[in-house]
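What follows is the content of target21.txt, which has compact mmCIF, C-alpha atoms:
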# COMPACT_ATOMS: atom_id res chain seq x y z
CA MET P 1107 -8.58 24.29 6.39
CA ASP P 1108 -10.49 22.61 3.56
CA ARG P 1109 -12.88 19.72 3.96
CA LEU P 1110 -12.03 17.16 1.28
CA LEU P 1111 -14.58 15.70 -1.09
CA ASN P 1112 -13.11 12.33 -2.01
CA THR P 1113 -13.61 9.64 -4.63
CA VAL P 1114 -14.11 5.92 -3.93
CA ARG P 1115 -12.48 3.57 -6.45
CA PRO P 1116 -14.63 0.45 -7.19
CA TYR P 1117 -11.92 -2.15 -7.90
CA ALA P 1118 -13.20 -5.74 -8.04
CA TRP P 1119 -11.19 -6.89 -4.99
CA GLY P 1120 -12.78 -4.28 -2.73
CA SER P 1121 -15.15 -4.84 0.17
CA ALA P 1122 -18.77 -3.87 -0.42
CA THR P 1123 -19.28 -2.81 3.22
CA ALA P 1124 -16.07 -1.67 4.97
CA ILE P 1125 -15.73 1.84 3.48
CA PRO P 1126 -19.50 2.54 3.67
CA GLU P 1127 -19.40 1.53 7.33
CA LEU P 1128 -16.49 3.92 7.95
CA LEU P 1129 -18.27 6.74 6.12
CA GLY P 1130 -21.69 6.03 7.61
CA THR P 1131 -23.27 5.52 4.19
CA GLU P 1132 -25.41 2.77 2.74
CA PRO P 1133 -23.60 0.07 0.75
CA THR P 1134 -24.36 0.09 -2.94
CA GLY P 1135 -23.84 -3.64 -3.38
CA GLU P 1136 -20.77 -2.92 -5.50
CA PRO P 1137 -17.15 -3.21 -4.30
CA GLN P 1138 -15.72 -0.04 -2.73
CA ALA P 1139 -11.99 -0.67 -2.65
CA GLU P 1140 -10.15 2.62 -2.04
CA LEU P 1141 -11.03 6.08 -0.78
CA TRP P 1142 -8.48 8.51 -2.27
CA MET P 1143 -7.33 11.68 -0.49
CA GLY P 1144 -4.88 13.97 -2.24
CA ALA P 1145 -4.12 15.48 -5.62
CA HIS P 1146 -3.37 12.41 -7.74
CA PRO P 1147 -4.57 13.14 -11.30
CA GLY P 1148 -6.45 9.84 -11.42
CA ALA P 1149 -9.00 10.99 -8.83
CA PRO P 1150 -8.04 14.22 -7.08
CA SER P 1151 -9.93 15.28 -3.96
CA ARG P 1152 -12.01 18.44 -4.34
CA VAL P 1153 -12.27 21.48 -2.08
CA ASP P 1154 -14.82 24.28 -1.97
CA ARG P 1155 -13.57 27.73 -1.02
CA GLY P 1156 -16.86 29.43 -1.74
CA GLN P 1157 -16.94 29.20 -5.52
CA GLY P 1158 -17.89 25.56 -5.98
CA ALA P 1159 -15.88 22.36 -5.73
CA VAL P 1160 -12.46 22.47 -7.43
CA ALA P 1161 -9.88 19.69 -7.77
CA LEU P 1162 -7.15 19.98 -5.14
CA SER P 1163 -4.61 19.45 -7.93
CA GLU P 1164 -5.86 22.64 -9.61
CA VAL P 1165 -5.74 24.60 -6.34
CA ILE P 1166 -2.13 23.53 -5.80
CA ALA P 1167 -1.13 24.22 -9.41
CA ALA P 1168 -2.46 27.78 -9.10
CA ASP P 1169 -0.24 28.57 -6.09
CA PRO P 1170 2.27 25.78 -5.31
CA GLU P 1171 4.31 27.67 -2.72
CA GLY P 1172 1.23 29.06 -1.02
CA GLU P 1173 -0.40 25.62 -0.70
CA LEU P 1174 2.65 23.37 -0.21
CA GLY P 1175 5.20 25.78 1.26
CA PRO P 1176 8.59 26.72 -0.23
CA ASP P 1177 10.41 23.82 1.47
CA ALA P 1178 8.13 21.17 -0.01
CA VAL P 1179 8.23 22.76 -3.47
CA ARG P 1180 12.03 22.90 -3.35
CA HIS P 1181 12.26 19.22 -2.36
CA PHE P 1182 9.45 17.67 -4.43
CA GLY P 1183 8.40 20.17 -7.06
CA PRO P 1184 5.03 21.93 -7.41
CA ARG P 1185 2.83 18.96 -6.51
CA LEU P 1186 1.66 17.09 -3.44
CA PRO P 1187 4.14 14.17 -3.36
CA PHE P 1188 1.93 11.62 -1.60
CA LEU P 1189 -1.47 9.97 -1.91
CA LEU P 1190 -3.43 8.96 1.20
CA LYS P 1191 -6.03 6.19 0.97
CA VAL P 1192 -8.40 4.07 2.96
CA LEU P 1193 -7.99 0.58 1.47
CA ALA P 1194 -10.65 -2.11 1.96
CA ALA P 1195 -9.65 -5.54 0.62
CA ALA P 1196 -12.13 -8.40 0.52
CA SER P 1197 -9.97 -10.57 -1.76
CA PRO P 1198 -6.23 -10.62 -2.55
CA LEU P 1199 -4.67 -7.85 -4.60
CA SER P 1200 -2.03 -8.70 -7.18
CA LEU P 1201 1.38 -9.87 -6.04
CA GLN P 1202 3.62 -6.95 -6.98
CA VAL P 1203 6.82 -4.98 -6.55
CA HIS P 1204 7.82 -1.35 -7.12
CA PRO P 1205 11.06 0.03 -8.61
CA ASP P 1206 13.44 2.45 -6.95
CA ARG P 1207 13.79 5.93 -8.45
CA ALA P 1208 16.79 5.11 -10.65
CA GLN P 1209 15.04 2.03 -12.05
CA ALA P 1210 11.89 4.04 -12.70
CA GLU P 1211 13.79 6.78 -14.50
CA ALA P 1212 15.66 4.29 -16.68
CA GLY P 1213 12.58 2.19 -17.40
CA PHE P 1214 10.44 5.19 -18.27
CA ALA P 1215 13.11 6.59 -20.59
CA ASP P 1216 13.50 3.21 -22.32
CA GLU P 1217 9.76 2.79 -22.94
CA GLU P 1218 9.48 6.38 -24.14
CA ALA P 1219 12.37 5.83 -26.57
CA ARG P 1220 10.72 2.67 -27.87
CA GLY P 1221 7.44 4.49 -28.38
CA VAL P 1222 5.39 2.37 -25.97
CA PRO P 1223 2.10 4.26 -25.43
CA ILE P 1224 1.71 5.51 -21.86
CA ASP P 1225 -1.67 3.76 -21.59
CA ALA P 1226 -0.56 0.47 -23.18
CA ALA P 1227 -1.49 -2.63 -21.20
CA HIS P 1228 2.09 -3.91 -21.44
CA ARG P 1229 3.67 -0.63 -20.29
CA ASN P 1230 5.62 -1.02 -17.02
CA TYR P 1231 6.61 2.56 -16.19
CA LYS P 1232 3.98 5.30 -16.14
CA ASP P 1233 6.29 7.92 -14.57
CA VAL P 1234 9.84 8.45 -13.29
CA ASN P 1235 9.11 8.13 -9.58
CA HIS P 1236 9.52 5.38 -7.03
CA LYS P 1237 6.51 4.15 -5.06
CA PRO P 1238 7.28 3.33 -1.42
CA GLU P 1239 4.14 2.52 0.57
CA LEU P 1240 2.98 2.24 4.17
CA ILE P 1241 -0.17 0.37 5.19
CA CYS P 1242 -1.57 0.77 8.72
CA ALA P 1243 -4.31 -1.60 9.87
CA LEU P 1244 -7.68 -0.31 11.08
CA THR P 1245 -8.98 -3.88 11.44
CA PRO P 1246 -7.04 -7.17 11.53
CA PHE P 1247 -5.26 -7.02 8.16
CA ASP P 1248 -3.67 -9.91 6.25
CA GLY P 1249 -0.81 -9.48 3.83
CA LEU P 1250 2.35 -10.90 2.29
CA CYS P 1251 5.60 -8.97 2.61
CA GLY P 1252 9.14 -9.86 1.54
CA PHE P 1253 10.81 -13.24 1.11
CA ARG P 1254 10.75 -15.73 3.94
CA ASP P 1255 14.03 -17.35 4.97
CA ALA P 1256 14.86 -19.86 2.21
CA GLY P 1257 15.32 -22.76 4.61
CA GLU P 1258 11.97 -22.12 6.25
CA THR P 1259 10.27 -21.89 2.86
CA ALA P 1260 11.84 -25.21 1.86
CA GLU P 1261 10.37 -26.71 5.04
CA LEU P 1262 6.95 -25.20 4.34
CA LEU P 1263 6.88 -26.48 0.74
CA ALA P 1264 8.22 -29.92 1.65
CA ALA P 1265 5.47 -30.46 4.21
CA LEU P 1266 2.86 -30.10 1.46
CA GLU P 1267 4.13 -33.36 -0.10
CA VAL P 1268 3.37 -32.20 -3.65
CA ASP P 1269 5.79 -33.87 -6.06
CA PRO P 1270 6.16 -30.99 -8.56
CA LEU P 1271 7.30 -28.72 -5.70
CA LYS P 1272 10.24 -30.99 -4.76
CA PRO P 1273 12.70 -29.41 -7.25
CA TYR P 1274 12.03 -26.03 -5.64
CA VAL P 1275 12.69 -27.50 -2.21
CA ASP P 1276 16.00 -28.90 -3.45
CA ILE P 1277 17.03 -25.55 -4.93
CA LEU P 1278 16.16 -23.70 -1.71
CA HIS P 1279 18.30 -26.13 0.27
CA ALA P 1280 21.25 -26.27 -2.12
CA ARG P 1281 21.84 -22.74 -3.46
CA PRO P 1282 22.94 -19.54 -1.75
CA GLU P 1283 19.77 -17.82 -0.65
CA SER P 1284 19.58 -14.95 -3.15
CA HIS P 1285 20.34 -17.31 -6.06
CA ALA P 1286 17.83 -19.87 -4.78
CA LEU P 1287 15.01 -17.34 -4.44
CA ARG P 1288 15.69 -15.95 -7.91
CA GLU P 1289 15.86 -19.42 -9.47
CA VAL P 1290 12.62 -20.61 -7.89
CA LEU P 1291 10.64 -17.47 -8.71
CA THR P 1292 11.94 -17.56 -12.29
CA ALA P 1293 10.99 -21.22 -12.65
CA VAL P 1294 7.48 -20.62 -11.29
CA LEU P 1295 6.77 -17.66 -13.58
CA ALA P 1296 8.33 -19.27 -16.68
CA ALA P 1297 6.66 -22.68 -16.29
CA ASP P 1298 4.02 -24.01 -18.65
CA ARG P 1299 0.77 -22.53 -17.32
CA GLU P 1300 -1.30 -25.68 -17.88
CA ALA P 1301 1.20 -27.84 -16.00
CA MET P 1302 1.54 -25.19 -13.31
CA ALA P 1303 -2.26 -25.01 -12.90
CA ASP P 1304 -2.31 -28.70 -11.94
CA THR P 1305 0.52 -28.08 -9.44
CA VAL P 1306 -1.41 -25.16 -7.95
CA HIS P 1307 -4.54 -27.30 -7.53
CA GLN P 1308 -2.55 -30.01 -5.72
CA THR P 1309 -0.80 -27.41 -3.59
CA ALA P 1310 -4.05 -25.67 -2.67
CA ALA P 1311 -5.61 -28.93 -1.51
CA ALA P 1312 -2.57 -29.72 0.62
CA ALA P 1313 -2.56 -26.20 2.07
CA GLU P 1314 -6.24 -26.57 3.02
CA ARG P 1315 -5.40 -29.82 4.83
CA LEU P 1316 -2.39 -28.45 6.71
CA GLY P 1317 -4.12 -25.17 7.47
CA ALA P 1318 -6.74 -27.10 9.44
CA GLN P 1319 -4.06 -28.61 11.69
CA ASP P 1320 -1.84 -27.16 14.37
CA GLY P 1321 1.66 -26.09 13.41
CA PRO P 1322 3.87 -23.04 12.97
CA TYR P 1323 2.86 -22.55 9.34
CA ALA P 1324 -0.89 -23.22 9.76
CA PRO P 1325 -1.93 -19.53 9.46
CA ALA P 1326 0.21 -19.17 6.32
CA TYR P 1327 -1.24 -22.34 4.79
CA ARG P 1328 -4.76 -21.00 5.41
CA ALA P 1329 -3.83 -17.73 3.72
CA TYR P 1330 -2.34 -19.50 0.69
CA ALA P 1331 -5.38 -21.78 0.40
CA SER P 1332 -7.61 -18.70 0.42
CA ILE P 1333 -5.49 -17.07 -2.30
CA ALA P 1334 -5.84 -20.23 -4.41
CA ARG P 1335 -9.63 -20.15 -4.06
CA HIS P 1336 -9.64 -16.62 -5.47
CA TYR P 1337 -7.05 -17.38 -8.19
CA PRO P 1338 -7.43 -21.09 -9.07
CA GLY P 1339 -4.50 -22.38 -11.08
CA ASP P 1340 -2.58 -19.07 -10.98
CA PRO P 1341 1.23 -19.56 -10.74
CA GLY P 1342 1.21 -16.57 -8.40
CA VAL P 1343 -0.13 -18.89 -5.71
CA ILE P 1344 3.22 -20.71 -5.67
CA ALA P 1345 5.13 -17.43 -5.88
CA ALA P 1346 3.14 -16.18 -2.87
CA MET P 1347 4.41 -19.14 -0.84
CA LEU P 1348 7.92 -17.69 -1.00
CA LEU P 1349 6.77 -14.65 0.99
CA ASN P 1350 6.18 -13.93 4.65
CA TYR P 1351 2.55 -14.09 5.69
CA VAL P 1352 1.67 -11.44 8.27
CA ARG P 1353 -1.47 -10.47 10.14
CA LEU P 1354 -1.46 -6.88 11.37
CA GLN P 1355 -3.51 -5.90 14.39
CA PRO P 1356 -5.18 -2.45 14.43
CA GLY P 1357 -2.51 0.24 14.74
CA GLU P 1358 0.28 -1.94 13.33
CA ALA P 1359 1.80 -1.13 9.95
CA LEU P 1360 4.06 -2.39 7.16
CA TYR P 1361 6.52 -0.30 5.19
CA LEU P 1362 7.10 -1.54 1.63
CA GLY P 1363 10.21 -0.18 0.00
CA ALA P 1364 11.56 -0.65 -3.51
CA GLY P 1365 12.09 -4.23 -4.69
CA VAL P 1366 10.05 -5.86 -1.89
CA PRO P 1367 7.40 -8.25 -3.25
CA HIS P 1368 4.09 -7.93 -1.45
CA ALA P 1369 0.34 -8.38 -1.64
CA TYR P 1370 -2.57 -7.22 0.48
CA LEU P 1371 -5.05 -10.01 1.19
CA ASP P 1372 -7.90 -8.89 3.44
CA GLY P 1373 -8.82 -6.08 5.80
CA LEU P 1374 -9.29 -2.32 6.21
CA GLY P 1375 -6.30 0.00 6.49
CA VAL P 1376 -4.93 3.49 5.97
CA GLU P 1377 -2.38 3.50 3.15
CA ILE P 1378 0.02 6.24 2.12
CA MET P 1379 2.37 6.17 -0.86
CA ALA P 1380 4.57 8.34 -3.01
CA ASN P 1381 2.72 9.61 -6.07
CA SER P 1382 3.50 7.01 -8.71
CA ASP P 1383 1.74 4.39 -10.80
CA ASN P 1384 4.78 2.15 -11.32
CA VAL P 1385 3.84 -1.46 -10.56
CA LEU P 1386 5.50 -4.69 -11.72
CA ARG P 1387 3.28 -7.70 -11.12
CA CYS P 1388 4.34 -11.22 -10.13
CA GLY P 1389 0.97 -12.98 -10.23
CA LEU P 1390 -2.60 -13.13 -8.91
CA THR P 1391 -3.74 -10.96 -11.78
CA PRO P 1392 -4.90 -11.16 -15.40
CA LYS P 1393 -2.75 -8.10 -16.14
CA HIS P 1394 0.60 -8.03 -17.93
CA ILE P 1395 3.58 -9.69 -16.21
CA ASP P 1396 6.99 -8.72 -17.59
CA VAL P 1397 9.16 -11.47 -16.09
CA PRO P 1398 12.61 -10.17 -17.19
CA GLU P 1399 11.90 -6.65 -15.90
CA LEU P 1400 10.37 -8.03 -12.72
CA LEU P 1401 13.47 -10.10 -12.02
CA ARG P 1402 15.62 -7.01 -12.54
CA VAL P 1403 13.67 -5.04 -9.93
CA VAL P 1404 12.98 -7.61 -7.20
CA ARG P 1405 15.34 -7.69 -4.21
CA PHE P 1406 16.10 -11.35 -3.61
CA GLU P 1407 16.76 -11.00 0.11
CA SER P 1408 14.93 -12.72 2.94
CA ASP P 1409 13.81 -10.66 5.86
CA GLY P 1410 11.01 -10.57 8.38
CA PRO P 1411 7.99 -8.48 7.44
CA GLY P 1412 9.17 -5.70 9.78
CA VAL P 1413 5.89 -4.85 11.52
CA LEU P 1414 5.90 -1.19 12.58
CA ARG P 1415 4.29 0.23 15.68
CA PRO P 1416 3.97 3.98 16.18
CA GLU P 1417 6.54 5.82 18.26
CA ALA P 1418 4.92 8.26 20.69
CA GLU P 1419 6.31 11.77 20.94
CA SER P 1420 5.86 14.17 23.86
CA SER P 1421 3.27 16.11 21.84
CA GLY P 1422 0.99 13.07 21.75
CA GLU P 1423 1.71 12.44 18.09
CA GLU P 1424 2.41 8.76 17.31
CA VAL P 1425 4.73 8.50 14.31
CA TYR P 1426 5.26 5.58 11.91
CA ALA P 1427 8.95 5.96 11.13
CA THR P 1428 9.97 5.37 7.49
CA PRO P 1429 13.22 6.08 5.59
CA ILE P 1430 11.77 8.36 2.90
CA ASP P 1431 10.75 12.03 2.66
CA GLU P 1432 7.73 12.02 0.33
CA PHE P 1433 5.41 11.13 3.18
CA ARG P 1434 5.21 10.98 6.94
CA LEU P 1435 2.26 9.23 8.56
CA SER P 1436 1.30 9.67 12.19
CA ARG P 1437 -1.69 9.18 14.46
CA TYR P 1438 -3.38 11.09 17.26
CA VAL P 1439 -5.60 9.27 19.75
CA LEU P 1440 -7.48 12.20 21.25
CA PRO P 1441 -9.26 11.69 24.58
CA GLU P 1442 -12.50 13.23 25.75
CA GLY P 1443 -11.75 16.57 27.37
CA GLY P 1444 -8.13 16.63 26.26
CA GLY P 1445 -6.49 19.90 25.36
CA PRO P 1446 -5.87 20.96 21.75
CA ARG P 1447 -2.78 19.60 19.99
CA PRO P 1448 -0.99 22.22 17.86
CA LEU P 1449 0.18 20.88 14.49
CA SER P 1450 3.33 22.01 12.72
CA SER P 1451 2.50 24.42 9.92
CA ARG P 1452 5.64 24.23 7.75
CA THR P 1453 4.35 21.59 5.38
CA PRO P 1454 1.02 20.64 3.75
CA GLN P 1455 -1.01 18.01 5.55
CA ILE P 1456 -4.09 15.84 5.20
CA LEU P 1457 -5.99 14.87 8.35
CA LEU P 1458 -8.28 11.83 8.35
CA CYS P 1459 -10.64 11.01 11.21
CA VAL P 1460 -11.13 7.24 11.53
CA SER P 1461 -13.16 7.12 14.75
CA GLY P 1462 -15.08 9.53 16.94
CA GLU P 1463 -14.86 13.18 15.95
CA ALA P 1464 -12.04 15.67 15.44
CA VAL P 1465 -12.18 19.44 15.68
CA LEU P 1466 -9.67 21.63 13.81
CA ARG P 1467 -9.26 25.19 14.98
CA GLY P 1468 -7.25 27.89 13.28
CA GLU P 1469 -7.60 31.31 11.72
CA GLY P 1470 -9.72 32.21 8.71
CA ALA P 1471 -8.53 34.28 5.77
CA ALA P 1472 -9.48 37.52 7.56
CA GLY P 1473 -7.79 36.50 10.80
CA GLU P 1474 -11.00 35.44 12.55
CA ALA P 1475 -11.27 32.15 14.45
CA ALA P 1476 -12.16 29.21 12.20
CA GLU P 1477 -13.33 25.72 13.08
CA LEU P 1478 -13.81 22.54 11.07
CA ARG P 1479 -15.38 19.37 12.47
CA LEU P 1480 -14.50 16.01 10.99
CA ARG P 1481 -16.70 13.02 11.63
CA GLN P 1482 -15.54 9.44 11.18
CA GLY P 1483 -14.37 8.93 7.58
CA GLU P 1484 -14.03 12.65 6.84
CA SER P 1485 -10.76 14.38 5.98
CA ALA P 1486 -9.27 17.84 5.52
CA PHE P 1487 -6.40 19.50 3.67
CA VAL P 1488 -4.39 22.08 5.59
CA SER P 1489 -2.12 24.32 3.51
CA ALA P 1490 1.47 24.96 4.57
CA GLY P 1491 1.77 27.97 6.85
CA GLU P 1492 -1.71 27.49 8.30
CA ALA P 1493 -1.53 27.08 12.09
CA VAL P 1494 -4.08 24.50 13.27
CA ALA P 1495 -4.85 22.85 16.61
CA LEU P 1496 -6.50 19.46 16.84
CA SER P 1497 -8.84 18.12 19.53
CA GLY P 1498 -11.20 15.18 19.90
CA PRO P 1499 -12.49 12.83 21.12
CA GLY P 1500 -11.41 10.69 18.21
CA THR P 1501 -8.57 9.06 16.32
CA VAL P 1502 -6.95 11.05 13.53
CA PHE P 1503 -4.25 10.10 11.01
CA ARG P 1504 -1.98 12.89 9.86
CA ALA P 1505 -0.22 12.71 6.48
CA THR P 1506 2.48 15.21 5.58
CA VAL P 1507 6.02 15.34 4.16
CA VAL P 1508 9.56 15.59 5.51
CA ALA P 1509 11.04 18.82 4.13
Whole structure, structure tokens version:
Amino acid sequence: MDRLLNTVRPYAWGSATAIPELLGTEPTGEPQAELWMGAHPGAPSRVDRGQGAVALSEVIAADPEGELGPDAVRHFGPRLPFLLKVLAAASPLSLQVHPDRAQAEAGFADEEARGVPIDAAHRNYKDVNHKPELICALTPFDGLCGFRDAGETAELLAALEVDPLKPYVDILHARPESHALREVLTAVLAADREAMADTVHQTAAAAERLGAQDGPYAPAYRAYASIARHYPGDPGVIAAMLLNYVRLQPGEALYLGAGVPHAYLDGLGVEIMANSDNVLRCGLTPKHIDVPELLRVVRFESDGPGVLRPEAESSGEEVYATPIDEFRLSRYVLPEGGGPRPLSSRTPQILLCVSGEAVLRGEGAAGEAAELRLRQGESAFVSAGEAVALSGPGTVFRATVVA
């Protein structure tokens, strides 16, 4: 069992208070957007096994099978295949989509062949991996996820009574859904930015007005008006209106697979993702937007946001079911006086305490009893093959792999 020493990433959209409150530290006045737990090269966690703090990535590289287990190494190679985060959004993140593995491999190979520098601002593919994600709310959490039904989006846009939006309404009514969604998103992203800025201003004002009234789309209008305040004139505001608005309550989650456009808007959550930096942006950002590549990757299918709730197992583990192997996220709500919960030892795992206190008990290197206490906001890495039991009282998220 290794207590993790983690890095906080200070992205501009981050909350100045949410992560400090979780960690019990004083705010710095600067945004604290993401707390990273894992072995991602961008900001690997560190562990101290008696010889000073060392990056977890280096510990794993020195003994992949010993740290990850032979099953995980056989499935995913000699690296931890997921990154666990606490994400604290105070303003909207970019509207984005991630490729599937085949698209990532092809895109990476193409950019390598064309000599596009890996750190170039216009580079789309940083690696050959896909990047499925799962976000689980710790507080009420607002987001956008997947395309809304085209007919409902036509109704939502028509009610705004903004003349430049009427051609989009007509397309959404007249075309087969996948063609209509593609045509409207293409038109929004390809439009003259100055003309589109005026449309966004009109749309934002109408959304403010309708968001203050009763109606089935009032929460969505309020969300879109808020996005427009953060990104005035950005065409991504109109693109965002094609997507489902969702508010997660604590304990609820969203799974975001390949090709699903999404954006996180506001709130504190636990996020887990496959180790990849492949992001294609649709808007709400000053960063590069590659419209042709984006349109190749996006899945133009309407669907509900698919809110996930954990499925309780007899062991007390509550699992967020997802269709991929690189990560498996679950939760333990541990009562006062409850017995210890043994954790499977076949695969590597990261344990994050988000409330109360958690106690991990296992065996030390010499076979003696070992104990590690995690307070709220603290986390631990448990190597494969290490038998550990978990007790509380507290709430603990468990991140591991399916192997």
Of P:His1204, P:Lys1191, P:His1279, P:Arg1452, the one sitting nearest Ile1241 in chain P when using all atoms listed in the file is P:Lys1191
*Write out as JSON, numbers by chain the residues lying within 12 Å of Ala1293 in chain P, counting all atoms listed in the file and excluding same-chain residues fewer than 6 positions away.*
{"P": [1270, 1271, 1273, 1274, 1277, 1286, 1287, 1299, 1302, 1341, 1342, 1344, 1345, 1397, 1401]}
Query - P:Gly1156, P:Glu1171, P:Thr1131, P:Leu1390 ranked by distance to Gly1491 in chain P, top pick (using all atoms listed in the file) - result: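 The closest residue to Gly1491 in chain P is P:Glu1171.
Interatomic distance, CA of Pro1133 in chain P to CA of Arg1115 in chain P: 13.7 Å.
Minimum atom-to-atom distances from P:Phe1406, P:Phe1503, P:Trp1142, P:Phe1487 to Leu1458 in chain P were compared using all atoms listed in the file, and the lowest value belongs to P:Phe1503.
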Between CA of Arg1434 in chain P and CA of Thr1506 in chain P lies a distance of 5.2 Å
Is it possible to get the residues within 6 Å of (-15.1, -0.8, -7.5) (coordinates as in the file, counting only C-alpha atoms) written as a PyMOL selection string?
chain P and resi 1115-1118+1137-1139
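For the atom pair formed by CA of Gly1144 in chain P and CA of Leu1189 in chain P, the distance is 5.3 Å, given to one decimal.
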Once you add 4 Å to each side, what are the centre and edge lengths of the axis-aligned box holding all listed atoms of range 1170-1179 of chain P? One decimal in Å, as JSON, if you can.
{"center_x": 5.0, "center_y": 25.1, "center_z": -1.9, "size_x": 18.8, "size_y": 15.9, "size_z": 14.8}
Can you tell me which residues surround Val1404 in chain P at a distance of at most 10 Å, considering only C-alpha atoms, apart from same-chain residues fewer than 2 positions away, and format the answer as a PDB file with C-alpha atoms, keeping the file's coordinate frame?
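Listed below is the output, around_12.pdb:
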ATOM      1  CA  GLN P1202       3.620  -6.950  -6.980  1.00  0.00           C
ATOM      2  CA  VAL P1203       6.820  -4.980  -6.550  1.00  0.00           C
ATOM      3  CA  HIS P1204       7.820  -1.350  -7.120  1.00  0.00           C
ATOM      4  CA  PRO P1205      11.060   0.030  -8.610  1.00  0.00           C
ATOM      5  CA  GLY P1252       9.140  -9.860   1.540  1.00  0.00           C
ATOM      6  CA  ARG P1288      15.690 -15.950  -7.910  1.00  0.00           C
ATOM      7  CA  ALA P1364      11.560  -0.650  -3.510  1.00  0.00           C
ATOM      8  CA  GLY P1365      12.090  -4.230  -4.690  1.00  0.00           C
ATOM      9  CA  VAL P1366      10.050  -5.860  -1.890  1.00  0.00           C
ATOM     10  CA  PRO P1367       7.400  -8.250  -3.250  1.00  0.00           C
ATOM     11  CA  LEU P1386       5.500  -4.690 -11.720  1.00  0.00           C
ATOM     12  CA  CYS P1388       4.340 -11.220 -10.130  1.00  0.00           C
ATOM     13  CA  GLU P1399      11.900  -6.650 -15.900  1.00  0.00           C
ATOM     14  CA  LEU P1400      10.370  -8.030 -12.720  1.00  0.00           C
ATOM     15  CA  LEU P1401      13.470 -10.100 -12.020  1.00  0.00           C
ATOM     16  CA  ARG P1402      15.620  -7.010 -12.540  1.00  0.00           C
ATOM     17  CA  PHE P1406      16.100 -11.350  -3.610  1.00  0.00           C
ATOM     18  CA  GLU P1407      16.760 -11.000   0.110  1.00  0.00           C
TER      19      GLU P1407
END
Counting all atoms listed in the file, the residue among P:Ala1226, P:Ala1490, P:Ser1497, P:Glu1477 that lies closest to Gly1444 in chain P is P:Ser1497
request  = Using all atoms listed in the file, find the one residue out of P:Val1114, P:Ala1475, P:Arg1281, P:His1394 that sits nearest to Ala1149 in chain P.
outcome  =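 Comparing P:Val1114, P:Ala1475, P:Arg1281, P:His1394 against Ala1149 in chain P, the winner is P:Val1114.
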Discussion item. Residues near Leu1371 in chain P, anyone? I mean within 10 Å using all atoms listed in the file, not counting same-chain ones fewer than 2 positions away, as a ChimeraX atom specification.
Written reply: /P:1119,1194-1201,1247-1250,1329-1330,1332-1333,1351-1353,1368-1369,1373
- Would you kindly return, as a list in words, each protein, DNA or RNA residue with an atom no farther than 7 Å from any atom of Arg1467 in chain P, considering only C-alpha atoms and excluding same-chain residues fewer than 2 positions away?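 That gives Val1465, Ala1476, Glu1477, Leu1478, Val1494, Ala1495 and Leu1496 of chain P.
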Selected residues written out, C-alpha atoms, as a compact mmCIF listing (two decimals), keeping the file's coordinate frame:
# COMPACT_ATOMS: atom_id res chain seq x y z
CA VAL P 1465 -12.18 19.44 15.68
CA ALA P 1476 -12.16 29.21 12.20
CA GLU P 1477 -13.33 25.72 13.08
CA LEU P 1478 -13.81 22.54 11.07
CA VAL P 1494 -4.08 24.50 13.27
CA ALA P 1495 -4.85 22.85 16.61
CA LEU P 1496 -6.50 19.46 16.84
* To do: Kindly indicate which residue among P:Pro1246, P:Val1268, P:Glu1136, P:Pro1322 lies nearest to Gln1355 in chain P, using only C-alpha atoms for the distances.
  =>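 Under the stated criterion, the closest residue is P:Pro1246.
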| task | Kindly extract all protein, DNA and RNA residues lying within 10 Å of the coordinates (2.0, 5.0, 8.1) given in the file, considering all atoms listed in the file, and supply them as a VMD selection string. | result | chain P and resid 1190 1239 to 1243 1357 to 1361 1375 to 1379 1414 to 1416 1424 to 1428 1433 to 1437 1503 to 1505
Report as a list in words all protein, DNA and RNA residues lying within 12 Å of Asp1154 in chain P, evaluated on only C-alpha atoms, omitting residues in the same chain fewer than 2 positions from it. Met1107, Asp1108, Arg1109, Leu1110, Leu1111, Ser1151, Arg1152, Gly1156, Gln1157, Gly1158, Ala1159, Val1160, Ala1161, Leu1162, Glu1164, Val1165, Ala1486 and Phe1487 of chain P
